[in-house]
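> Got input28.txt for you, compact mmCIF, C-alpha atoms:
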```txt
# COMPACT_ATOMS: atom_id res chain seq x y z
CA MET A 1 85.90 109.85 101.71
CA ALA A 2 88.22 108.27 104.29
CA VAL A 3 90.96 106.04 102.96
CA LYS A 4 89.55 102.98 104.77
CA GLU A 5 86.17 103.41 103.10
CA GLU A 6 87.83 103.99 99.75
CA LEU A 7 89.79 100.75 99.93
CA GLU A 8 86.99 98.35 100.83
CA GLN A 9 87.32 95.76 98.04
CA PRO A 10 87.61 91.90 98.42
CA LEU A 11 90.97 90.17 98.41
CA LYS A 12 91.29 87.49 95.67
CA GLU A 13 94.73 86.18 96.58
CA GLU A 14 97.93 86.98 98.36
CA ARG A 15 101.19 87.38 96.49
CA ALA A 16 104.77 87.12 97.63
CA GLY A 17 106.18 90.24 99.25
CA TRP A 18 103.89 93.18 99.83
CA ALA A 19 100.23 92.22 99.93
CA PHE A 20 97.04 93.38 101.51
CA PRO A 21 96.32 91.30 104.61
CA ILE A 22 93.46 88.84 104.83
CA PRO A 23 90.43 91.00 105.71
CA GLU A 24 89.24 91.03 109.28
CA CYS A 25 85.62 91.39 110.40
CA GLY A 26 84.14 94.48 108.78
CA ARG A 27 86.73 94.62 105.97
CA SER A 28 85.90 91.90 103.47
CA ASP A 29 85.88 93.63 100.13
CA TRP A 30 89.47 94.20 98.86
CA SER A 31 89.68 92.10 95.71
CA GLN A 32 91.25 94.58 93.27
CA TYR A 33 94.21 95.62 95.37
CA HIS A 34 97.49 93.74 95.44
CA GLY A 35 101.11 94.63 95.98
CA THR A 36 104.46 93.07 95.30
CA LEU A 37 107.66 93.91 97.13
CA THR A 38 110.16 96.10 95.34
CA GLN A 39 113.43 96.74 97.14
CA SER A 40 113.51 100.43 96.35
CA ARG A 41 114.05 103.71 98.18
CA GLU A 42 111.50 105.43 95.91
CA GLU A 43 108.48 103.16 96.03
CA ILE A 44 107.05 100.53 98.31
CA ALA A 45 104.90 98.65 95.83
CA ILE A 46 104.90 98.22 92.09
CA PRO A 47 101.34 98.38 90.78
CA GLY A 48 100.33 95.59 88.47
CA LYS A 49 96.99 94.97 86.83
CA GLU A 50 94.14 96.09 89.10
CA CYS A 51 96.63 97.10 91.75
CA HIS A 52 96.59 100.12 94.00
CA PRO A 53 100.12 101.51 94.50
CA ALA A 54 101.22 101.71 98.11
CA ASN A 55 102.56 105.23 97.66
CA GLY A 56 99.01 106.31 96.84
CA ILE A 57 97.84 104.90 100.16
CA LEU A 58 100.67 106.65 101.99
CA GLY A 59 99.89 109.95 100.29
CA ARG A 60 96.25 109.72 101.35
CA LEU A 61 97.18 108.81 104.93
CA LEU A 62 99.62 111.73 105.15
CA LYS A 63 96.75 114.07 104.26
CA ASP A 64 94.24 112.37 106.55
CA ASN A 65 96.71 112.68 109.43
CA PHE A 66 98.09 116.13 108.62
CA PRO A 67 99.34 117.56 111.97
CA GLY A 68 98.75 121.23 111.13
CA MET A 69 100.97 123.69 112.99
CA VAL A 70 104.03 122.09 114.59
CA LYS A 71 106.94 123.38 116.68
CA LEU A 72 110.14 121.41 116.12
CA PRO A 73 112.38 120.71 119.12
CA GLY A 74 114.86 123.45 119.98
CA ASP A 75 114.76 127.08 121.01
CA ASN A 76 115.41 128.33 117.46
CA HIS A 77 112.16 126.92 116.09
CA LYS A 78 108.66 128.34 116.17
CA GLU A 79 105.27 126.97 115.20
CA GLU A 80 104.98 126.45 111.45
CA PRO A 81 102.96 124.35 108.99
CA ALA A 82 104.00 120.69 108.90
CA SER A 83 105.87 120.75 105.59
CA THR A 84 108.33 117.88 106.19
CA TRP A 85 108.25 114.32 107.50
CA ARG A 86 110.23 115.59 110.48
CA HIS A 87 107.18 117.65 111.52
CA TYR A 88 105.05 114.49 111.53
CA LYS A 89 107.57 112.86 113.86
CA ALA A 90 107.66 115.86 116.19
CA LYS A 91 103.87 116.25 116.71
CA VAL A 92 102.32 114.02 119.40
CA ASP A 93 98.77 112.79 118.85
CA GLY A 94 96.07 112.12 121.44
CA ASN A 95 97.35 108.59 122.11
CA GLY A 96 100.86 109.69 123.04
CA GLY A 97 102.49 108.61 119.78
CA SER A 98 103.70 110.70 116.86
CA PHE A 99 101.66 111.50 113.78
CA ALA A 100 104.35 109.70 111.78
CA GLN A 101 103.75 106.50 113.71
CA ARG A 102 100.01 106.88 113.23
CA VAL A 103 100.53 107.01 109.45
CA LYS A 104 102.66 103.86 109.55
CA ASP A 105 100.22 101.97 111.80
CA GLU A 106 97.28 102.77 109.53
CA PHE A 107 99.30 101.79 106.45
CA TRP A 108 99.96 98.32 107.86
CA GLN A 109 96.21 97.75 108.09
CA TYR A 110 96.26 97.40 104.31
CA TYR A 111 99.64 95.85 103.54
CA LYS A 112 101.89 93.31 105.13
CA CYS A 113 105.57 92.63 104.65
CA GLU A 114 107.24 89.44 103.53
CA ASP A 115 109.20 87.77 106.32
CA GLY A 116 112.77 88.99 106.54
CA TYR A 117 112.16 92.37 104.87
CA ASP A 118 111.04 94.34 107.93
CA ARG A 119 114.13 96.56 108.15
CA GLU A 120 114.14 97.23 104.44
CA ALA A 121 110.42 97.99 104.50
CA GLU A 122 110.99 100.57 107.23
CA TYR A 123 113.79 102.15 105.20
CA VAL A 124 111.63 102.31 102.08
CA MET A 125 108.67 103.80 103.95
CA GLU A 126 110.79 106.49 105.61
CA ASN A 127 112.17 107.62 102.25
CA ALA A 128 108.75 107.46 100.59
CA CYS A 129 107.13 109.55 103.33
CA ARG A 130 109.89 112.17 103.21
CA LYS A 131 109.31 112.68 99.50
CA LEU A 132 105.52 112.44 99.62
CA VAL A 133 105.20 115.20 102.23
CA LEU A 134 107.30 117.54 100.08
CA ASP A 135 105.29 116.60 96.98
CA MET A 136 102.05 117.18 98.88
CA HIS A 137 103.00 120.78 99.67
CA TYR A 138 104.27 121.39 96.14
CA GLU A 139 101.09 120.10 94.50
CA VAL A 140 98.65 121.86 96.83
CA ARG A 141 99.50 125.32 95.50
CA ILE A 142 99.04 124.18 91.90
CA GLN A 143 95.72 122.50 92.73
CA SER A 144 94.56 125.67 94.50
CA VAL A 145 95.22 127.69 91.33
CA ILE A 146 93.26 125.14 89.29
CA ASN A 147 90.34 125.17 91.76
CA TYR A 148 90.21 128.95 91.95
CA HIS A 149 90.07 129.47 88.19
CA PHE A 150 87.45 126.75 87.79
CA GLU A 151 85.20 128.00 90.60
CA ASN A 152 85.47 131.71 89.80
CA ASN A 153 86.26 131.91 86.07
CA LYS A 154 84.79 128.57 84.88
CA VAL A 155 88.15 127.84 83.23
CA LYS A 156 89.77 124.40 83.42
CA LEU A 157 93.54 124.75 83.70
CA VAL A 158 95.94 121.90 83.13
CA LYS A 159 98.79 121.54 85.59
CA GLY A 160 101.38 122.99 83.24
CA ALA A 161 99.44 126.23 82.88
CA ALA A 162 98.52 126.37 86.58
CA ARG A 163 102.13 125.89 87.61
CA ALA A 164 103.10 129.14 85.91
CA LYS A 165 100.32 131.17 87.55
CA THR A 166 100.07 132.68 91.02
CA LEU A 167 97.17 134.08 93.05
CA THR A 168 96.80 136.84 95.60
CA LYS A 169 96.50 135.94 99.26
CA GLU A 170 92.76 136.64 99.21
CA GLU A 171 92.33 134.32 96.22
CA TYR A 172 94.35 131.49 97.79
CA MET A 173 92.29 131.77 100.98
CA GLN A 174 89.12 130.98 99.04
CA VAL A 175 90.32 127.50 97.99
CA PRO A 176 91.88 125.67 100.93
CA PRO A 177 92.42 121.90 100.43
CA ARG A 178 90.25 119.56 102.45
CA TRP A 179 93.20 118.34 104.55
CA VAL A 180 94.03 121.85 105.80
CA VAL A 181 90.55 123.36 106.05
CA ASN A 182 90.16 122.52 109.77
CA GLU A 183 93.66 123.58 110.78
CA GLY A 184 92.90 127.24 111.48
CA VAL A 185 95.84 129.51 110.82
CA CYS A 186 97.86 126.78 109.06
CA TRP A 187 96.55 127.48 105.55
CA GLU A 188 97.11 131.20 105.97
CA LYS A 189 100.73 130.57 106.97
CA MET A 190 101.24 128.40 103.89
CA VAL A 191 99.73 131.10 101.67
CA ASP A 192 101.88 133.82 103.27
CA LYS A 193 104.99 131.93 102.16
CA TRP A 194 103.83 131.84 98.52
CA CYS A 195 103.14 135.59 98.59
CA THR A 196 106.64 136.66 99.67
CA ASP A 197 109.00 138.32 97.18
CA GLU A 198 111.66 135.73 98.02
CA TRP A 199 109.40 132.81 97.07
CA LYS A 200 108.20 134.52 93.88
CA ALA A 201 111.79 135.23 92.78
CA LYS A 202 112.77 131.59 93.36
CA HIS A 203 109.64 130.41 91.54
CA GLU A 204 110.52 132.51 88.47
CA GLU A 205 114.13 131.29 88.57
CA ARG A 206 112.99 127.65 88.53
CA GLN A 207 110.62 128.37 85.64
CA LEU A 208 113.52 129.75 83.61
CA GLN A 209 115.62 126.69 84.42
CA ARG A 210 112.86 124.37 83.22
CA ALA A 211 112.48 126.43 80.04
CA CYS A 212 116.20 126.01 79.33
CA MET A 213 116.03 122.21 79.37
CA ILE A 214 117.01 121.02 75.90
CA ARG A 215 115.89 117.43 76.22
CA ILE A 216 113.22 115.46 78.07
CA PRO A 217 114.79 113.47 80.93
CA HIS A 218 112.56 110.38 80.49
CA HIS A 219 109.16 109.18 79.24
CA GLN A 220 108.00 107.15 82.25
CA GLY A 221 105.46 109.72 83.39
CA SER A 222 104.20 108.76 86.85
CA ARG A 223 105.22 105.11 86.37
CA ASN A 224 108.31 103.65 87.96
CA LEU A 225 110.71 101.75 85.72
CA LYS A 226 109.18 98.34 86.45
CA SER A 227 105.68 99.56 85.58
CA TYR A 228 106.99 101.19 82.40
CA GLY A 229 108.58 97.86 81.36
CA ASN A 230 105.32 96.02 82.03
CA ALA A 231 103.42 98.57 79.92
CA VAL A 232 105.85 98.11 77.01
CA VAL A 233 105.39 94.34 77.14
CA PHE A 234 101.62 94.80 77.11
CA GLU A 235 101.69 97.20 74.16
CA GLU A 236 104.01 95.00 72.14
CA ALA A 237 102.26 91.76 73.21
CA SER A 238 105.72 90.23 73.47
CA SER A 239 107.81 88.52 76.11
CA ALA A 240 109.10 90.39 79.15
CA ILE A 241 111.97 92.79 78.56
CA SER A 242 115.03 93.14 80.76
CA GLU A 243 115.56 95.96 83.23
CA TYR A 244 118.37 97.38 81.08
CA VAL A 245 116.12 97.46 78.01
CA ALA A 246 113.28 99.04 80.01
CA TYR A 247 115.68 101.79 81.12
CA ALA A 248 116.77 102.34 77.51
CA LEU A 249 113.25 102.49 76.09
CA SER A 250 112.06 104.84 78.84
CA HIS A 251 114.51 107.41 77.45
CA LYS A 252 113.20 107.04 73.91
CA ALA A 253 109.42 107.37 73.96
CA LYS A 254 106.22 106.64 75.87
CA ALA A 255 105.39 103.00 76.47
CA SER A 256 102.41 103.19 74.09
CA VAL A 257 104.47 104.29 71.07
CA VAL A 258 108.06 103.19 71.73
CA MET A 259 109.72 100.99 69.10
CA PRO A 260 111.51 97.71 70.00
CA TYR A 261 115.00 98.07 71.45
CA ASN A 262 117.87 98.17 68.97
CA ASP A 263 121.38 98.02 70.41
CA SER A 264 122.84 99.82 67.39
CA ASP A 265 120.71 102.96 67.83
CA PRO A 266 122.92 106.08 68.17
CA ALA A 267 122.82 108.61 70.99
CA GLU A 268 120.53 110.85 68.92
CA ALA A 269 117.77 108.23 69.19
CA TYR A 270 117.51 108.97 72.92
CA THR A 271 115.94 112.07 74.45
CA SER A 272 118.54 112.06 77.24
CA LEU A 273 122.19 111.99 76.17
CA THR A 274 123.27 111.55 79.80
CA SER A 275 121.18 108.40 80.15
CA TYR A 276 122.67 107.03 76.91
CA ALA A 277 126.18 107.68 78.28
CA ASN A 278 125.20 105.91 81.52
CA MET A 279 123.97 102.89 79.55
CA GLN A 280 127.19 102.65 77.52
CA GLN A 281 129.33 102.95 80.63
CA TYR A 282 127.32 100.25 82.41
CA LYS A 283 127.60 97.99 79.36
CA GLU A 284 131.39 98.39 79.21
CA VAL A 285 131.87 97.56 82.90
CA PHE A 286 129.37 94.66 82.65
CA GLN A 287 131.38 93.06 79.83
CA GLN A 288 134.66 93.64 81.66
CA THR A 289 133.18 91.86 84.67
CA HIS A 290 131.30 89.00 83.00
CA GLY A 291 133.20 88.59 79.76
CA ALA A 292 133.25 90.25 76.36
CA ASP A 293 130.47 87.96 75.05
CA SER A 294 128.08 88.77 77.90
CA ASP A 295 124.94 90.71 76.99
CA PRO A 296 123.47 93.12 79.58
CA THR A 297 120.28 93.48 77.51
CA ILE A 298 119.12 89.97 78.45
CA GLN A 299 120.46 89.87 82.03
CA PRO A 300 119.12 91.42 85.23
CA LEU A 301 120.90 94.56 86.39
CA ASP A 302 124.07 93.74 88.32
CA PRO A 303 124.07 95.94 91.48
CA GLU A 304 127.86 95.83 91.87
CA VAL A 305 128.41 96.78 88.23
CA VAL A 306 126.03 99.72 88.70
CA MET A 307 128.10 100.87 91.68
CA VAL A 308 131.44 100.51 89.85
CA ALA A 309 130.20 102.12 86.63
CA GLY A 310 128.62 105.07 88.41
CA GLU A 311 131.15 105.67 91.21
CA GLY A 312 128.70 104.52 93.87
CA LYS A 313 125.55 106.44 94.69
CA LYS A 314 125.53 110.15 93.92
CA HIS A 315 123.12 112.20 96.02
CA GLY A 316 121.51 108.93 97.14
CA ARG A 317 120.82 107.74 93.57
CA PHE A 318 122.15 104.84 91.52
CA MET A 319 123.40 105.58 88.02
CA ILE A 320 120.66 103.49 86.38
CA GLY A 321 117.68 101.41 87.53
CA GLY A 322 117.56 102.87 91.04
CA CYS A 323 114.04 101.72 91.98
CA LEU A 324 114.80 98.15 90.82
CA LEU A 325 117.85 97.59 93.01
CA SER A 326 117.53 96.15 96.49
CA MET A 327 119.48 97.96 99.18
CA ALA A 328 120.09 94.55 100.78
CA SER A 329 121.85 93.25 97.65
CA VAL A 330 123.96 96.33 96.84
CA PRO A 331 127.45 96.46 98.36
CA THR A 332 128.81 99.84 99.41
CA LEU A 333 131.64 101.44 97.47
CA PRO A 334 134.16 100.91 100.35
CA GLN A 335 133.20 97.20 100.42
CA ILE A 336 133.80 96.94 96.67
CA LYS A 337 137.15 98.72 96.92
CA ALA A 338 138.25 96.44 99.79
CA ARG A 339 137.99 93.28 97.66
CA ARG A 340 139.29 94.70 94.39
CA THR A 341 142.14 93.02 92.50
CA ARG A 342 144.31 94.17 89.61
CA SER A 343 141.99 92.50 87.14
CA SER A 344 138.88 94.22 88.51
CA PRO A 345 137.27 96.93 86.34
CA ALA A 346 138.25 100.46 87.32
CA ILE A 347 135.69 102.48 89.25
CA ARG A 348 134.33 105.03 86.78
CA SER A 349 133.27 108.63 87.30
CA ARG A 350 129.66 109.20 86.41
CA PRO A 351 129.06 111.23 83.21
CA THR A 352 127.63 114.68 83.88
CA PRO A 353 125.15 116.49 81.59
CA MET A 354 127.76 119.17 80.87
CA GLN A 355 130.40 116.64 79.84
CA VAL A 356 127.95 114.77 77.62
CA GLU A 357 126.72 117.91 75.84
CA ILE A 358 130.30 119.03 75.16
```
Please rewrite the model in this file as structure tokens.

Amino acid sequence: MAVKEELEQPLKEERAGWAFPIPECGRSDWSQYHGTLTQSREEIAIPGKECHPANGILGRLLKDNFPGMVKLPGDNHKEEPASTWRHYKAKVDGNGGSFAQRVKDEFWQYYKCEDGYDREAEYVMENACRKLVLDMHYEVRIQSVINYHFENNKVKLVKGAARAKTLTKEEYMQVPPRWVVNEGVCWEKMVDKWCTDEWKAKHEERQLQRACMIRIPHHQGSRNLKSYGNAVVFEEASSAISEYVAYALSHKAKASVVMPYNDSDPAEAYTSLTSYANMQQYKEVFQQTHGADSDPTIQPLDPEVVMVAGEGKKHGRFMIGGCLLSMASVPTLPQIKARRTRSSPAIRSRPTPMQVEI
């Protein structure tokens, strides 16, 4: 089913920030879908009750507009399956624009941006699309394994089991996904990559690395941090929790079973020692900045404190609460250093998993 047909539900109301537009003629049935702006590089919309997440729309549009085989600019490139967002930008469609622009144009048929956030919205969408294309190609192999075993062996595999299995080229060719089925040689090229010795060796190496993980990194599942916090509030039937507390609880247990936050809980109460160290470091810098009596558990995250406590952004990520921080409100590390005084808190190095375990 096309994404436009799938999303035909009436609009009840508009909300501040991201929202589905008022339906035009022929599209008058969008009631259960809403969006709210989150200034985040990871997600465009935070799903609330009866809300369709914008990243889900983008993922569907990326598949509906899959460009197939693409040759990137330059003499060193040859035609290859479109496995990155860059490929979408390089392929020209029948109207003279890129496939990337087509995805964006179709997305804006279902959402609109709050005034003044256009540049940030473009930034968020670019980062979301880059990640979603990579995820799409990662998940398609796993789904092919699941489909093959169900269709041929009548066995239902869960993702964890399917991830560890591989198929032969002939077996992969029997279960192409619907978004590649009309792209001729494209699926075969994708399968050829998975059948190389180099790919298989890397796949086994990553499996061993996952098996060596001592602790679970977090319990959010597919939710972002805001959605996890909303789920905790719903389960506890209590008042809203702060972003700091949501971050803490997400490293303790699932939203359905997590116990109320207790500031005196030791590091052993958390499944990620690194995250606990990050929380303590943020709390120390927060109290140095706002006073010893200040309490970060009842205050919104302070973007500048996050930058100081975590030595800026490492590999494009904030130390804590990344998807909740607006890029427009976060000063860069050079800007922070330029206005520092002797009384300012020292810029901290971010704790590493190795240091924490030792």
> Can you work out the spacing between atom CA of Cys195 of chain A and atom CA of Cys129 of chain A in Å, to one decimal?
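Between atom CA of Cys195 of chain A and atom CA of Cys129 of chain A the gap works out to 26.8 Å.
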> At a cut-off of 8 Å, using only C-alpha atoms, what residues contact segment 223-226 of chain A? Leave out same-chain residues fewer than 2 positions from it and give the result as a PDB file with C-alpha atoms, in the coordinates of the input.

```
ATOM      1  CA  ILE A  46     104.900  98.220  92.090  1.00  0.00           C
ATOM      2  CA  GLN A 220     108.000 107.150  82.250  1.00  0.00           C
ATOM      3  CA  GLY A 221     105.460 109.720  83.390  1.00  0.00           C
ATOM      4  CA  TYR A 228     106.990 101.190  82.400  1.00  0.00           C
ATOM      5  CA  GLY A 229     108.580  97.860  81.360  1.00  0.00           C
ATOM      6  CA  ASN A 230     105.320  96.020  82.030  1.00  0.00           C
ATOM      7  CA  GLU A 243     115.560  95.960  83.230  1.00  0.00           C
ATOM      8  CA  ALA A 246     113.280  99.040  80.010  1.00  0.00           C
ATOM      9  CA  TYR A 247     115.680 101.790  81.120  1.00  0.00           C
ATOM     10  CA  SER A 250     112.060 104.840  78.840  1.00  0.00           C
ATOM     11  CA  GLY A 321     117.680 101.410  87.530  1.00  0.00           C
ATOM     12  CA  CYS A 323     114.040 101.720  91.980  1.00  0.00           C
ATOM     13  CA  LEU A 324     114.800  98.150  90.820  1.00  0.00           C
TER      14      LEU A 324
END
```
> Name the closest residue to Glu171 of chain A among the candidates A:Trp187, A:Tyr244, A:Tyr148, A:Tyr117; distances are taken between atoms, counting only C-alpha atoms.
A:Tyr148
> Please identify all polymer residues within 8 Å of Val308 of chain A, counting only C-alpha atoms, omitting same-chain residues fewer than 3 positions from it, and present them as a VMD selection string.
chain A and resid 285 304 to 305 311 to 312 333 345 to 348
> Of the candidates A:Ile298, A:Leu61, A:Ala82, A:Cys212, which shows the shortest atom-to-atom distance to Ala240 of chain A, using all atoms listed in the file?
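Distance minimum relative to Ala240 of chain A lands on A:Ile298.
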> A:Ala253, A:Ala201, A:Ile146, A:Val306: which is nearest Arg163 of chain A, counting only C-alpha atoms?
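Nearest to Arg163 of chain A: A:Ile146.
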> What's the separation between atom CA of His87 of chain A and atom CA of Val140 of chain A, in Å to one decimal place?
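Going from atom CA of His87 of chain A over to atom CA of Val140 of chain A, I get 17.5 Å.
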> Using all atoms listed in the file, which residue out of A:His218, A:Arg350, A:Arg60, A:Arg317 lies closest to Tyr282 of chain A?
A:Arg350
> Would you be able to write out as a PyMOL selection string which residues have an atom within 10 Å of (109.2, 115.7, 114.8) in the file's coordinates, counting all atoms listed in the file?
chain A and resi 70-73+82+84-92+98-100
> Between A:Leu301, A:Ala338, A:Ala164, A:Ala309, which residue has the minimum interatomic distance to Gln288 of chain A, considering all atoms listed in the file?
A:Ala309
> Would you mind telling me which residue in A:Phe150, A:Pro300, A:Lys104, A:Gly94 lies nearest to Leu58 of chain A when using all atoms listed in the file?
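Among the listed residues, the smallest separation from Leu58 of chain A belongs to A:Lys104.
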> Between atom CA of Tyr270 of chain A and atom CA of Ala128 of chain A, measure the distance and give it in Å to one decimal.
29.1 Å
> Please identify all polymer residues within 12 Å of segment 197-200 of chain A, counting all atoms listed in the file, omitting same-chain residues fewer than 4 positions from it, and present them as a list of chain:residue names.
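Using all atoms listed in the file, the neighbours found are A:Ala164, A:Lys165, A:Thr166, A:Leu167, A:Thr168, A:Met190, A:Val191, A:Asp192, A:Lys193, A:Glu204, A:Glu205, A:Arg206, A:Gln207.
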> What are the centre and the three edge lengths of an axis-aligned box that wraps all atoms of segment 75-92 of chain A in the file, given that 3 Å is added to every side, written as lines of an AutoDock Vina configuration file and rounded to one decimal in Å?

```
center_x = 108.9
center_y = 120.6
center_z = 113.3
size_x = 19.1
size_y = 21.5
size_z = 21.4
```
